[in-house]
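Asks: What follows is the file query.csv, containing CSV, C-alpha atoms and all ligand atoms:
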```
chain,number,residue,atom,x,y,z
A,1,MET,CA,-48.8,-90.4,7.2
A,2,ALA,CA,-49.0,-88.3,10.3
A,3,ILE,CA,-48.3,-84.6,9.6
A,4,ASP,CA,-45.4,-84.4,12.0
A,5,THR,CA,-43.7,-87.3,10.2
A,6,GLN,CA,-44.2,-85.6,6.9
A,7,VAL,CA,-42.8,-82.3,8.2
A,8,ALA,CA,-39.8,-84.1,9.6
A,9,GLU,CA,-39.2,-85.8,6.3
A,10,ILE,CA,-39.5,-82.5,4.4
A,11,GLU,CA,-37.0,-80.9,6.8
A,12,VAL,CA,-34.4,-83.7,6.3
A,13,GLU,CA,-34.8,-83.9,2.5
A,14,THR,CA,-34.8,-80.2,2.0
A,15,SER,CA,-31.8,-79.6,4.3
A,16,LYS,CA,-29.8,-82.1,2.2
A,17,ALA,CA,-30.9,-80.5,-1.0
A,18,ILE,CA,-29.9,-77.0,0.3
A,19,ALA,CA,-26.5,-78.3,1.3
A,20,ALA,CA,-26.0,-79.9,-2.1
A,21,ALA,CA,-27.2,-76.9,-4.2
A,22,SER,CA,-24.3,-75.8,-6.4
A,23,ASP,CA,-25.6,-72.4,-7.5
A,24,GLU,CA,-28.1,-69.7,-6.7
A,25,ALA,CA,-30.6,-70.9,-9.4
A,26,GLY,CA,-30.7,-74.4,-7.9
A,27,LEU,CA,-31.2,-72.9,-4.5
A,28,GLU,CA,-34.1,-70.8,-5.7
A,29,ALA,CA,-35.7,-73.8,-7.3
A,30,ILE,CA,-35.6,-75.6,-3.9
A,31,ARG,CA,-37.1,-72.6,-2.2
A,32,VAL,CA,-40.0,-72.5,-4.6
A,33,ALA,CA,-40.6,-76.2,-4.4
A,34,GLU,CA,-40.7,-76.4,-0.6
A,35,LEU,CA,-41.6,-73.0,0.7
A,36,GLY,CA,-43.2,-71.3,-2.2
A,37,LYS,CA,-47.0,-70.6,-2.5
A,38,LYS,CA,-47.5,-74.1,-4.0
A,39,GLY,CA,-44.6,-75.6,-2.2
A,40,ARG,CA,-44.9,-78.8,0.0
A,41,LEU,CA,-44.9,-76.9,3.3
A,42,SER,CA,-47.5,-74.4,2.2
A,43,LEU,CA,-49.8,-77.3,1.1
A,44,LEU,CA,-49.4,-78.9,4.5
A,45,MET,CA,-50.1,-75.5,6.2
A,46,ARG,CA,-53.5,-75.5,4.4
A,47,GLU,CA,-54.4,-78.7,6.2
A,48,LEU,CA,-54.2,-76.9,9.6
A,49,GLY,CA,-57.7,-75.6,8.9
A,50,GLY,CA,-59.2,-79.1,9.0
A,51,MET,CA,-57.6,-80.1,12.2
A,52,THR,CA,-58.8,-80.2,15.8
A,53,PRO,CA,-57.5,-77.4,18.0
A,54,GLU,CA,-55.3,-79.9,19.8
A,55,GLN,CA,-53.8,-81.2,16.6
A,56,ARG,CA,-53.3,-77.7,15.3
A,57,GLN,CA,-51.5,-76.8,18.5
A,58,VAL,CA,-48.8,-79.3,17.8
A,59,ALA,CA,-48.7,-79.2,14.0
A,60,GLY,CA,-48.7,-75.4,13.7
A,61,PRO,CA,-45.6,-74.6,15.6
A,62,ALA,CA,-43.9,-77.7,14.0
A,63,LEU,CA,-44.6,-76.4,10.5
A,64,ASN,CA,-43.6,-72.8,11.3
A,65,GLY,CA,-40.4,-74.0,13.0
A,66,VAL,CA,-39.4,-76.0,9.9
A,67,LYS,CA,-40.3,-73.1,7.7
A,68,ASP,CA,-38.1,-70.7,9.7
A,69,ARG,CA,-35.1,-73.2,9.9
A,70,LEU,CA,-35.3,-73.9,6.1
A,71,THR,CA,-35.5,-70.2,5.3
A,72,THR,CA,-32.5,-69.5,7.4
A,73,ALA,CA,-30.6,-72.4,5.9
A,74,ILE,CA,-31.4,-71.2,2.4
A,75,SER,CA,-30.1,-67.7,3.0
A,76,ALA,CA,-27.0,-69.1,4.7
A,77,ARG,CA,-26.3,-71.3,1.7
A,78,LYS,CA,-27.0,-68.4,-0.6
A,79,ALA,CA,-24.3,-66.3,1.2
A,80,GLU,CA,-21.9,-69.2,0.9
A,81,LEU,CA,-22.6,-69.6,-2.8
A,82,GLU,CA,-22.1,-65.9,-3.4
A,83,LEU,CA,-18.8,-66.0,-1.7
A,84,VAL,CA,-17.7,-69.0,-3.8
A,85,ALA,CA,-18.8,-67.2,-7.0
A,86,ILE,CA,-17.0,-64.0,-6.2
A,87,ASN,CA,-13.8,-65.8,-5.2
A,88,LYS,CA,-14.0,-67.7,-8.5
A,89,ARG,CA,-14.3,-64.5,-10.3
A,90,LEU,CA,-11.5,-62.8,-8.5
A,91,GLN,CA,-9.3,-65.8,-9.3
A,92,SER,CA,-10.1,-65.6,-13.0
A,93,GLU,CA,-9.8,-61.8,-13.3
A,94,ARG,CA,-6.6,-61.5,-11.3
A,95,GLU,CA,-3.8,-59.5,-13.0
A,96,ASP,CA,-0.8,-61.7,-13.7
A,97,LEU,CA,2.0,-59.6,-12.3
A,98,THR,CA,4.6,-61.9,-13.6
A,99,LEU,CA,3.8,-60.8,-17.2
A,100,PRO,CA,6.5,-58.6,-18.7
A,101,PRO,CA,5.6,-54.9,-18.8
A,102,ARG,CA,4.1,-53.4,-22.0
A,103,PRO,CA,6.6,-51.6,-24.1
A,104,GLU,CA,7.1,-48.0,-23.0
A,105,PRO,CA,5.1,-45.6,-25.2
A,106,VAL,CA,7.4,-43.8,-27.6
A,107,GLY,CA,5.0,-41.0,-28.4
A,108,ALA,CA,6.1,-37.6,-27.0
A,109,LEU,CA,5.4,-33.9,-27.3
A,110,HIS,CA,7.6,-32.4,-29.9
A,111,PRO,CA,10.0,-29.7,-28.5
A,112,VAL,CA,8.3,-27.1,-30.8
A,113,MET,CA,4.9,-27.9,-29.2
A,114,GLN,CA,6.5,-27.8,-25.8
A,115,VAL,CA,7.9,-24.3,-26.4
A,116,PHE,CA,4.4,-23.2,-27.7
A,117,GLU,CA,2.9,-24.4,-24.5
A,118,GLU,CA,5.6,-22.8,-22.3
A,119,LEU,CA,5.2,-19.4,-24.0
A,120,ALA,CA,1.4,-19.6,-24.0
A,121,ALA,CA,1.6,-20.2,-20.2
A,122,ILE,CA,4.0,-17.3,-19.7
A,123,PHE,CA,1.9,-14.9,-21.8
A,124,ALA,CA,-1.4,-16.1,-20.4
A,125,ASP,CA,0.0,-15.2,-17.0
A,126,MET,CA,0.8,-11.7,-18.3
A,127,GLY,CA,-2.8,-11.3,-19.6
A,128,PHE,CA,-2.5,-12.3,-23.2
A,129,ALA,CA,-5.2,-14.4,-25.0
A,130,VAL,CA,-4.4,-16.8,-27.8
A,131,ALA,CA,-5.5,-15.7,-31.3
A,132,GLU,CA,-5.6,-17.7,-34.5
A,133,GLY,CA,-5.6,-17.3,-38.3
A,134,PRO,CA,-5.6,-19.5,-41.3
A,135,ASP,CA,-2.4,-21.0,-42.9
A,136,ILE,CA,-3.7,-20.0,-46.3
A,137,GLU,CA,-3.9,-16.3,-46.4
A,138,ASP,CA,-4.8,-13.6,-49.0
A,139,ASP,CA,-2.5,-10.9,-50.1
A,140,PHE,CA,-4.4,-8.3,-48.1
A,141,HIS,CA,-3.8,-9.9,-44.7
A,142,ASN,CA,-0.3,-11.3,-45.4
A,143,PHE,CA,1.1,-8.1,-47.1
A,144,THR,CA,-1.1,-5.2,-48.0
A,145,ALA,CA,-2.7,-4.4,-44.6
A,146,LEU,CA,0.8,-4.9,-43.1
A,147,ASN,CA,2.0,-1.9,-45.1
A,148,PHE,CA,4.1,-3.9,-47.6
A,149,PRO,CA,4.6,-1.6,-50.6
A,150,PRO,CA,3.6,-3.1,-54.0
A,151,GLY,CA,7.1,-4.0,-55.1
A,152,HIS,CA,8.5,-5.3,-51.8
A,153,PRO,CA,10.9,-8.2,-52.3
A,154,ALA,CA,9.1,-10.5,-49.8
A,155,ARG,CA,6.1,-10.6,-52.1
A,156,GLU,CA,8.3,-12.1,-54.9
A,157,THR,CA,8.0,-15.8,-55.7
A,158,HIS,CA,11.4,-16.8,-54.3
A,159,ASP,CA,10.1,-16.2,-50.7
A,160,THR,CA,6.5,-16.9,-50.9
A,161,PHE,CA,4.5,-20.0,-51.8
A,162,PHE,CA,1.7,-18.8,-54.0
A,163,LEU,CA,-1.4,-20.8,-54.8
A,164,LYS,CA,-3.0,-21.0,-58.3
A,165,PRO,CA,-4.9,-17.8,-59.1
A,166,ASP,CA,-8.7,-18.0,-58.5
A,167,VAL,CA,-11.3,-16.8,-61.1
A,168,SER,CA,-10.6,-13.1,-60.3
A,169,GLY,CA,-6.8,-13.7,-60.8
A,170,ALA,CA,-6.0,-13.3,-57.1
A,171,LYS,CA,-3.4,-15.6,-55.7
A,172,LYS,CA,-3.7,-16.9,-52.1
A,173,VAL,CA,-0.4,-17.5,-50.3
A,174,LEU,CA,0.8,-19.8,-47.6
A,175,ARG,CA,1.3,-17.2,-44.9
A,176,THR,CA,4.9,-16.2,-44.7
A,177,HIS,CA,4.6,-15.0,-41.1
A,178,THR,CA,2.0,-14.9,-38.2
A,179,SER,CA,1.7,-11.2,-38.6
A,180,PRO,CA,-1.6,-11.5,-40.6
A,181,VAL,CA,-3.2,-12.6,-37.3
A,182,GLN,CA,-2.5,-9.1,-36.1
A,183,ILE,CA,-4.7,-7.8,-38.9
A,184,ARG,CA,-7.5,-10.3,-38.3
A,185,THR,CA,-7.5,-9.6,-34.5
A,186,MET,CA,-7.5,-5.8,-34.9
A,187,VAL,CA,-10.3,-6.0,-37.5
A,188,ASN,CA,-12.4,-8.2,-35.3
A,189,GLN,CA,-11.7,-6.8,-31.8
A,190,LYS,CA,-11.8,-3.4,-30.2
A,191,PRO,CA,-8.7,-2.3,-28.2
A,192,PRO,CA,-7.5,-2.9,-25.6
A,193,ILE,CA,-6.0,-5.9,-27.3
A,194,ARG,CA,-3.4,-8.4,-25.9
A,195,VAL,CA,-2.9,-11.5,-27.9
A,196,ILE,CA,-0.3,-14.0,-28.9
A,197,ALA,CA,-0.7,-16.1,-32.1
A,198,PRO,CA,1.2,-19.3,-32.4
A,199,GLY,CA,1.3,-21.0,-35.7
A,200,ARG,CA,2.9,-22.5,-38.8
A,201,VAL,CA,4.5,-20.3,-41.4
A,202,PHE,CA,5.9,-21.1,-44.9
A,203,ARG,CA,8.8,-19.7,-46.9
A,204,LYS,CA,10.8,-21.1,-49.8
A,205,ASP,CA,13.9,-21.9,-47.9
A,206,TRP,CA,15.7,-25.1,-47.3
A,207,ASP,CA,19.1,-25.6,-45.6
A,208,ALA,CA,20.6,-26.6,-42.3
A,209,THR,CA,19.0,-23.7,-40.4
A,210,HIS,CA,15.9,-23.1,-42.6
A,211,THR,CA,12.9,-25.3,-43.4
A,212,PRO,CA,10.1,-24.4,-45.8
A,213,MET,CA,7.6,-24.8,-42.9
A,214,PHE,CA,8.5,-23.4,-39.5
A,215,HIS,CA,6.7,-22.0,-36.4
A,216,GLN,CA,6.3,-18.5,-35.1
A,217,ILE,CA,4.6,-16.8,-32.2
A,218,GLU,CA,3.2,-13.4,-32.9
A,219,GLY,CA,2.5,-10.9,-30.1
A,220,LEU,CA,0.3,-7.8,-30.3
A,221,VAL,CA,-0.7,-5.2,-27.7
A,222,VAL,CA,-2.9,-2.3,-28.7
A,223,ASP,CA,-4.0,0.3,-26.1
A,224,LYS,CA,-3.9,4.0,-25.2
A,225,GLN,CA,-0.4,5.3,-24.4
A,226,VAL,CA,1.5,2.2,-25.3
A,227,HIS,CA,5.2,2.8,-25.9
A,228,MET,CA,8.6,1.1,-26.6
A,229,GLY,CA,9.3,0.8,-22.8
A,230,HIS,CA,6.3,-1.5,-22.5
A,231,LEU,CA,7.5,-3.6,-25.4
A,232,LYS,CA,11.0,-3.9,-23.8
A,233,SER,CA,9.9,-4.7,-20.3
A,234,CYS,CA,7.2,-7.2,-21.5
A,235,LEU,CA,9.7,-9.1,-23.7
A,236,THR,CA,12.5,-9.0,-21.1
A,237,GLU,CA,10.2,-10.4,-18.4
A,238,ALA,CA,8.7,-13.1,-20.7
A,239,PHE,CA,12.2,-14.3,-21.8
A,240,SER,CA,13.6,-14.3,-18.3
A,241,ARG,CA,10.8,-16.6,-17.5
A,242,PHE,CA,11.2,-18.7,-20.6
A,243,PHE,CA,15.0,-19.2,-20.1
A,244,GLU,CA,14.4,-19.6,-16.4
A,245,VAL,CA,16.9,-17.0,-15.4
A,246,ALA,CA,16.4,-14.2,-12.8
A,247,THR,CA,16.6,-11.3,-15.3
A,248,ALA,CA,17.5,-11.9,-18.9
A,249,GLN,CA,19.7,-9.2,-20.4
A,250,THR,CA,18.2,-8.0,-23.7
A,251,ARG,CA,19.5,-5.6,-26.4
A,252,PHE,CA,17.4,-3.9,-29.0
A,253,ARG,CA,19.0,-3.2,-32.3
A,254,PRO,CA,17.3,-0.9,-34.9
A,255,HIS,CA,15.8,-2.9,-37.8
A,256,PHE,CA,13.3,-2.6,-40.5
A,257,PHE,CA,9.8,-4.2,-40.9
A,258,PRO,CA,7.2,-2.5,-43.1
A,259,PHE,CA,4.5,-3.0,-40.4
A,260,THR,CA,6.3,-1.5,-37.4
A,261,GLU,CA,7.9,1.9,-36.8
A,262,PRO,CA,10.3,2.1,-35.1
A,263,SER,CA,11.4,-1.6,-35.6
A,264,ALA,CA,14.0,-3.5,-33.7
A,265,GLU,CA,15.5,-6.9,-33.3
A,266,MET,CA,15.9,-8.2,-29.8
A,267,ASP,CA,19.1,-10.1,-28.7
A,268,MET,CA,19.8,-11.9,-25.5
A,269,ARG,CA,23.0,-12.0,-23.6
A,270,CYS,CA,24.6,-15.5,-23.9
A,271,ASP,CA,27.7,-17.5,-23.6
A,272,ARG,CA,28.9,-19.4,-26.6
A,273,SER,CA,32.3,-20.4,-25.3
A,274,GLY,CA,31.2,-24.0,-24.2
A,275,ALA,CA,29.7,-26.7,-26.2
A,276,GLU,CA,26.2,-25.4,-25.5
A,277,ILE,CA,24.9,-21.9,-25.7
A,278,LYS,CA,24.1,-20.6,-22.2
A,279,VAL,CA,21.5,-17.8,-22.0
A,280,GLY,CA,21.7,-15.1,-19.3
A,281,GLU,CA,25.5,-14.9,-18.9
A,282,GLY,CA,28.6,-14.4,-21.1
A,283,ASN,CA,29.6,-11.8,-23.7
A,284,ASP,CA,27.8,-12.8,-26.8
A,285,TRP,CA,24.4,-11.8,-28.1
A,286,LEU,CA,21.9,-13.9,-29.7
A,287,GLU,CA,19.1,-12.7,-32.0
A,288,ILE,CA,15.7,-13.8,-30.7
A,289,LEU,CA,13.0,-11.9,-32.4
A,290,GLY,CA,11.7,-9.0,-34.4
A,291,CYS,CA,9.5,-6.3,-32.9
A,292,GLY,CA,8.4,-2.7,-32.9
A,293,MET,CA,5.6,-0.3,-32.5
A,294,VAL,CA,2.7,-1.0,-34.8
A,295,HIS,CA,2.9,1.2,-37.9
A,296,PRO,CA,0.1,3.9,-38.0
A,297,ASN,CA,-0.8,2.7,-41.5
A,298,VAL,CA,-1.4,-0.8,-40.1
A,299,LEU,CA,-3.7,0.5,-37.4
A,300,ARG,CA,-5.5,2.6,-40.0
A,301,SER,CA,-6.0,-0.3,-42.4
A,302,CYS,CA,-7.8,-2.1,-39.5
A,303,GLY,CA,-10.0,0.9,-38.7
A,304,ILE,CA,-8.1,1.9,-35.5
A,305,ASP,CA,-7.2,5.6,-35.1
A,306,PRO,CA,-3.5,5.9,-34.5
A,307,GLU,CA,-4.0,9.3,-32.8
A,308,GLU,CA,-5.9,7.5,-30.1
A,309,TYR,CA,-4.3,4.1,-29.9
A,310,GLN,CA,-0.8,2.7,-30.2
A,311,GLY,CA,0.5,-0.8,-30.2
A,312,PHE,CA,3.5,-2.9,-30.1
A,313,ALA,CA,4.1,-6.2,-31.8
A,314,PHE,CA,6.7,-8.9,-31.9
A,315,GLY,CA,7.3,-12.1,-33.8
A,316,LEU,CA,9.7,-14.9,-32.9
A,317,GLY,CA,10.8,-18.2,-34.5
A,318,VAL,CA,9.8,-21.0,-32.2
A,319,ASP,CA,12.0,-23.7,-33.8
A,320,ARG,CA,15.2,-21.9,-33.1
A,321,LEU,CA,14.1,-21.0,-29.6
A,322,ALA,CA,13.5,-24.7,-28.9
A,323,MET,CA,17.0,-25.5,-30.3
A,324,LEU,CA,18.5,-23.0,-27.9
A,325,LYS,CA,16.6,-23.9,-24.8
A,326,TYR,CA,16.9,-27.6,-25.2
A,327,GLY,CA,20.4,-27.8,-26.8
A,328,MET,CA,19.4,-29.3,-30.1
A,329,PRO,CA,22.2,-28.6,-32.6
A,330,ASP,CA,20.3,-29.2,-35.9
A,331,LEU,CA,16.9,-28.1,-37.2
A,332,ARG,CA,16.4,-30.9,-39.8
A,333,PRO,CA,15.5,-33.8,-37.4
A,334,TYR,CA,12.5,-31.7,-36.3
A,335,PHE,CA,10.7,-32.9,-39.3
A,336,GLU,CA,12.1,-36.3,-39.9
A,337,ALA,CA,9.7,-38.2,-37.7
A,338,ASP,CA,12.6,-40.2,-36.1
A,339,VAL,CA,11.3,-42.2,-33.2
A,340,ASP,CA,14.7,-42.2,-31.4
A,341,TRP,CA,15.0,-38.5,-31.7
A,342,ILE,CA,11.6,-37.7,-30.3
A,343,LYS,CA,12.2,-40.2,-27.5
A,344,HIS,CA,15.3,-38.3,-26.6
A,345,TYR,CA,14.2,-34.7,-27.1
A,346,GLY,CA,10.4,-35.1,-26.7
A,347,PHE,CA,8.3,-34.2,-23.6
A,348,LYS,CA,5.7,-36.2,-21.7
A,349,PRO,CA,2.4,-34.9,-23.0
A,350,TRP,CA,0.7,-35.0,-19.7
A,351,LEU,CA,3.3,-32.7,-18.0
A,352,LEU,CA,2.1,-29.5,-19.5
A,353,PRO,CA,4.1,-26.5,-18.5
A,354,THR,CA,2.6,-24.0,-16.1
A,355,VAL,CA,4.0,-20.8,-14.7
A,356,THR,CA,3.4,-22.0,-11.1
A,357,GLY,CA,4.1,-25.7,-11.6
A,358,GLY,CA,7.3,-25.3,-13.6
A,359,LEU,CA,7.9,-24.8,-17.3
A,360,SER,CA,10.3,-27.6,-18.3
B,1,LIG,N1,6.7,-10.9,-39.0
B,1,LIG,C1,8.1,-10.7,-38.8
B,1,LIG,C2,8.9,-11.8,-39.4
B,1,LIG,O1,8.3,-12.8,-39.8
B,1,LIG,C3,8.4,-10.6,-37.3
B,1,LIG,C4,7.8,-9.4,-36.7
B,1,LIG,C5,6.5,-9.5,-36.1
B,1,LIG,C6,8.4,-8.2,-36.6
B,1,LIG,C7,5.9,-8.4,-35.4
B,1,LIG,C8,7.8,-7.1,-35.9
B,1,LIG,C9,6.6,-7.2,-35.4
B,1,LIG,O2,10.1,-11.8,-39.5
```
Can I see the file as structure tokens?
Ligand code: PHE
Replies:
Amino acid sequence: MAIDTQVAEIEVETSKAIAAASDEAGLEAIRVAELGKKGRLSLLMRELGGMTPEQRQVAGPALNGVKDRLTTAISARKAELELVAINKRLQSEREDLTLPPRPEPVGALHPVMQVFEELAAIFADMGFAVAEGPDIEDDFHNFTALNFPPGHPARETHDTFFLKPDVSGAKKVLRTHTSPVQIRTMVNQKPPIRVIAPGRVFRKDWDATHTPMFHQIEGLVVDKQVHMGHLKSCLTEAFSRFFEVATAQTRFRPHFFPFTEPSAEMDMRCDRSGAEIKVGEGNDWLEILGCGMVHPNVLRSCGIDPEEYQGFAFGLGVDRLAMLKYGMPDLRPYFEADVDWIKHYGFKPWLLPTVTGGLS
């Protein structure tokens, strides 16, 4: 058969096969069979060497022309097949927007955690770091270093959860307040110190306003020339921000704590005439926290010289503060794991409070 007839035949057959190829693998098989090293066209090309120059002048361009056209046809078909494949995939992977939405997630940030976050943001902005201590404490950190005299009623079993005595007879306790974190911080850090310590605390109490586990935030500042004025302005500023009022009015009443001297309780002006308590206005006062100047004995038990350094400390109940700010009348549902309650009072966990972006 004359070479040009063969070439023409190859072109017709291969063009048909290319058009009929249904996937990329099939197309590749065609390319190998016709244009590959051992393909039909390549074999014919080898014959060029045995031809007369005249024959070669005709057959050469004819072969090359077919080769070019088939190569182009293959890549065009390849592009087509790719498009078909991707469209098919898009069809099968398409979201069905007519499906009903997934049920709304009911998980939410507990108001107590929200208040922790809010106060941490406020105090961080005022230069406080966050400190931590264990829930299970020893007598030294929970009581002795905090200047509790040996017979102090708070050590008695009716307030404190004691653990079984160890081999030496010493009984660990579930910490009754976050104040032991003061001790741990002062023992481990040199002044100046500015920390808050949020955490769980435990006391044997159980009624409408008391739960055996509750939450506190401790604050501690130790530096040279610290005085009561610093304590007052720091707390007034922090609670104005917390209750989102211009300036909260605070009142300091003398009180007693073994680990502070002088000691005080801080109240905030509020209005209780309506259904909800309003902070920042009105003629009532609401007790918010305990505070005072760190007792010299406490500084000494941590190896800090009270002649050189002074400090102030405060401790507040977070559960009650959350009740106040978010108008929750009862403490008990806090710990009942009621989905409807957390749905109503909980916070979106991804909207963490910031001083600049808004607290609540
Ligand atoms: N620890 C005290 C309490 O639990 C609160 C407090 C902390 C008072 C720091 C003064 C200073 O009641």
Asks: At a cut-off of 7 Å and counting all atoms listed in the file, what residues surround ligand LIG 1 (chain B)? Please answer as a PyMOL selection string.
Replies: chain A and resi 176-179+218-219+257+259-260+263+289-292+313-316
Asks: Which is closest to A:His210 among A:Arg320, A:Lys37, A:Asp338, A:Lys78, if we use only C-alpha atoms?
Replies: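 When distances to A:His210 are compared using only C-alpha atoms, the smallest one comes from A:Arg320.
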Asks: Counting only C-alpha atoms, note down every residue that has an atom within 12 Å of the point (-1.4, -11.6, -33.1) (file coordinates), as a ChimeraX atom specification.
Replies: /A:128-133,141,177-189,193-199,216-222,294,311-316
Asks: Mind dumping the selected residues with C-alpha atoms as a PDB file, keeping the file's coordinate frame?
Replies:
```
ATOM      1  CA  PHE A 128      -2.500 -12.300 -23.200  1.00  0.00           C
ATOM      2  CA  ALA A 129      -5.200 -14.400 -25.000  1.00  0.00           C
ATOM      3  CA  VAL A 130      -4.400 -16.800 -27.800  1.00  0.00           C
ATOM      4  CA  ALA A 131      -5.500 -15.700 -31.300  1.00  0.00           C
ATOM      5  CA  GLU A 132      -5.600 -17.700 -34.500  1.00  0.00           C
ATOM      6  CA  GLY A 133      -5.600 -17.300 -38.300  1.00  0.00           C
ATOM      7  CA  HIS A 141      -3.800  -9.900 -44.700  1.00  0.00           C
ATOM      8  CA  HIS A 177       4.600 -15.000 -41.100  1.00  0.00           C
ATOM      9  CA  THR A 178       2.000 -14.900 -38.200  1.00  0.00           C
ATOM     10  CA  SER A 179       1.700 -11.200 -38.600  1.00  0.00           C
ATOM     11  CA  PRO A 180      -1.600 -11.500 -40.600  1.00  0.00           C
ATOM     12  CA  VAL A 181      -3.200 -12.600 -37.300  1.00  0.00           C
ATOM     13  CA  GLN A 182      -2.500  -9.100 -36.100  1.00  0.00           C
ATOM     14  CA  ILE A 183      -4.700  -7.800 -38.900  1.00  0.00           C
ATOM     15  CA  ARG A 184      -7.500 -10.300 -38.300  1.00  0.00           C
ATOM     16  CA  THR A 185      -7.500  -9.600 -34.500  1.00  0.00           C
ATOM     17  CA  MET A 186      -7.500  -5.800 -34.900  1.00  0.00           C
ATOM     18  CA  VAL A 187     -10.300  -6.000 -37.500  1.00  0.00           C
ATOM     19  CA  ASN A 188     -12.400  -8.200 -35.300  1.00  0.00           C
ATOM     20  CA  GLN A 189     -11.700  -6.800 -31.800  1.00  0.00           C
ATOM     21  CA  ILE A 193      -6.000  -5.900 -27.300  1.00  0.00           C
ATOM     22  CA  ARG A 194      -3.400  -8.400 -25.900  1.00  0.00           C
ATOM     23  CA  VAL A 195      -2.900 -11.500 -27.900  1.00  0.00           C
ATOM     24  CA  ILE A 196      -0.300 -14.000 -28.900  1.00  0.00           C
ATOM     25  CA  ALA A 197      -0.700 -16.100 -32.100  1.00  0.00           C
ATOM     26  CA  PRO A 198       1.200 -19.300 -32.400  1.00  0.00           C
ATOM     27  CA  GLY A 199       1.300 -21.000 -35.700  1.00  0.00           C
ATOM     28  CA  GLN A 216       6.300 -18.500 -35.100  1.00  0.00           C
ATOM     29  CA  ILE A 217       4.600 -16.800 -32.200  1.00  0.00           C
ATOM     30  CA  GLU A 218       3.200 -13.400 -32.900  1.00  0.00           C
ATOM     31  CA  GLY A 219       2.500 -10.900 -30.100  1.00  0.00           C
ATOM     32  CA  LEU A 220       0.300  -7.800 -30.300  1.00  0.00           C
ATOM     33  CA  VAL A 221      -0.700  -5.200 -27.700  1.00  0.00           C
ATOM     34  CA  VAL A 222      -2.900  -2.300 -28.700  1.00  0.00           C
ATOM     35  CA  VAL A 294       2.700  -1.000 -34.800  1.00  0.00           C
ATOM     36  CA  GLY A 311       0.500  -0.800 -30.200  1.00  0.00           C
ATOM     37  CA  PHE A 312       3.500  -2.900 -30.100  1.00  0.00           C
ATOM     38  CA  ALA A 313       4.100  -6.200 -31.800  1.00  0.00           C
ATOM     39  CA  PHE A 314       6.700  -8.900 -31.900  1.00  0.00           C
ATOM     40  CA  GLY A 315       7.300 -12.100 -33.800  1.00  0.00           C
ATOM     41  CA  LEU A 316       9.700 -14.900 -32.900  1.00  0.00           C
TER      42      LEU A 316
END
```
Asks: Considering only C-alpha atoms, state which residue in the set A:Val7, A:Ala85, A:Ala73, A:Ile30 is at the smallest distance from A:Met45.
Replies: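 Going through A:Val7, A:Ala85, A:Ala73, A:Ile30 one by one, the smallest distance to A:Met45 is for A:Val7.
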Asks: Quick one: distance from atom CA of A:Asp4 to atom CA of A:Ser22 in Å, one decimal?
Replies: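 Value for the atom CA of A:Asp4-atom CA of A:Ser22 distance: 29.3 Å.
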Asks: List the spatial neighbours of A:Pro262 as number ranges by chain - criterion: any atom at most 8 Å away, all atoms listed in the file, same-chain residues fewer than 2 positions off excluded.
Replies: A: 254-256, 260, 264, 292-293, 295
Asks: Could you tell me, as JSON, numbers by chain, which residues have any atom at most 12 Å from (6.0, -24.7, -44.7), counting all atoms listed in the file?
Replies: {"A": [135, 136, 159, 160, 161, 162, 173, 174, 175, 176, 177, 199, 200, 201, 202, 203, 204, 205, 206, 210, 211, 212, 213, 214, 215, 216, 335]}
Asks: Atom CA of A:Gln310 to atom CA of A:Pro192: how many Å, to one decimal?
Replies: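 Calculated distance between atom CA of A:Gln310 and atom CA of A:Pro192 is 9.9 Å.
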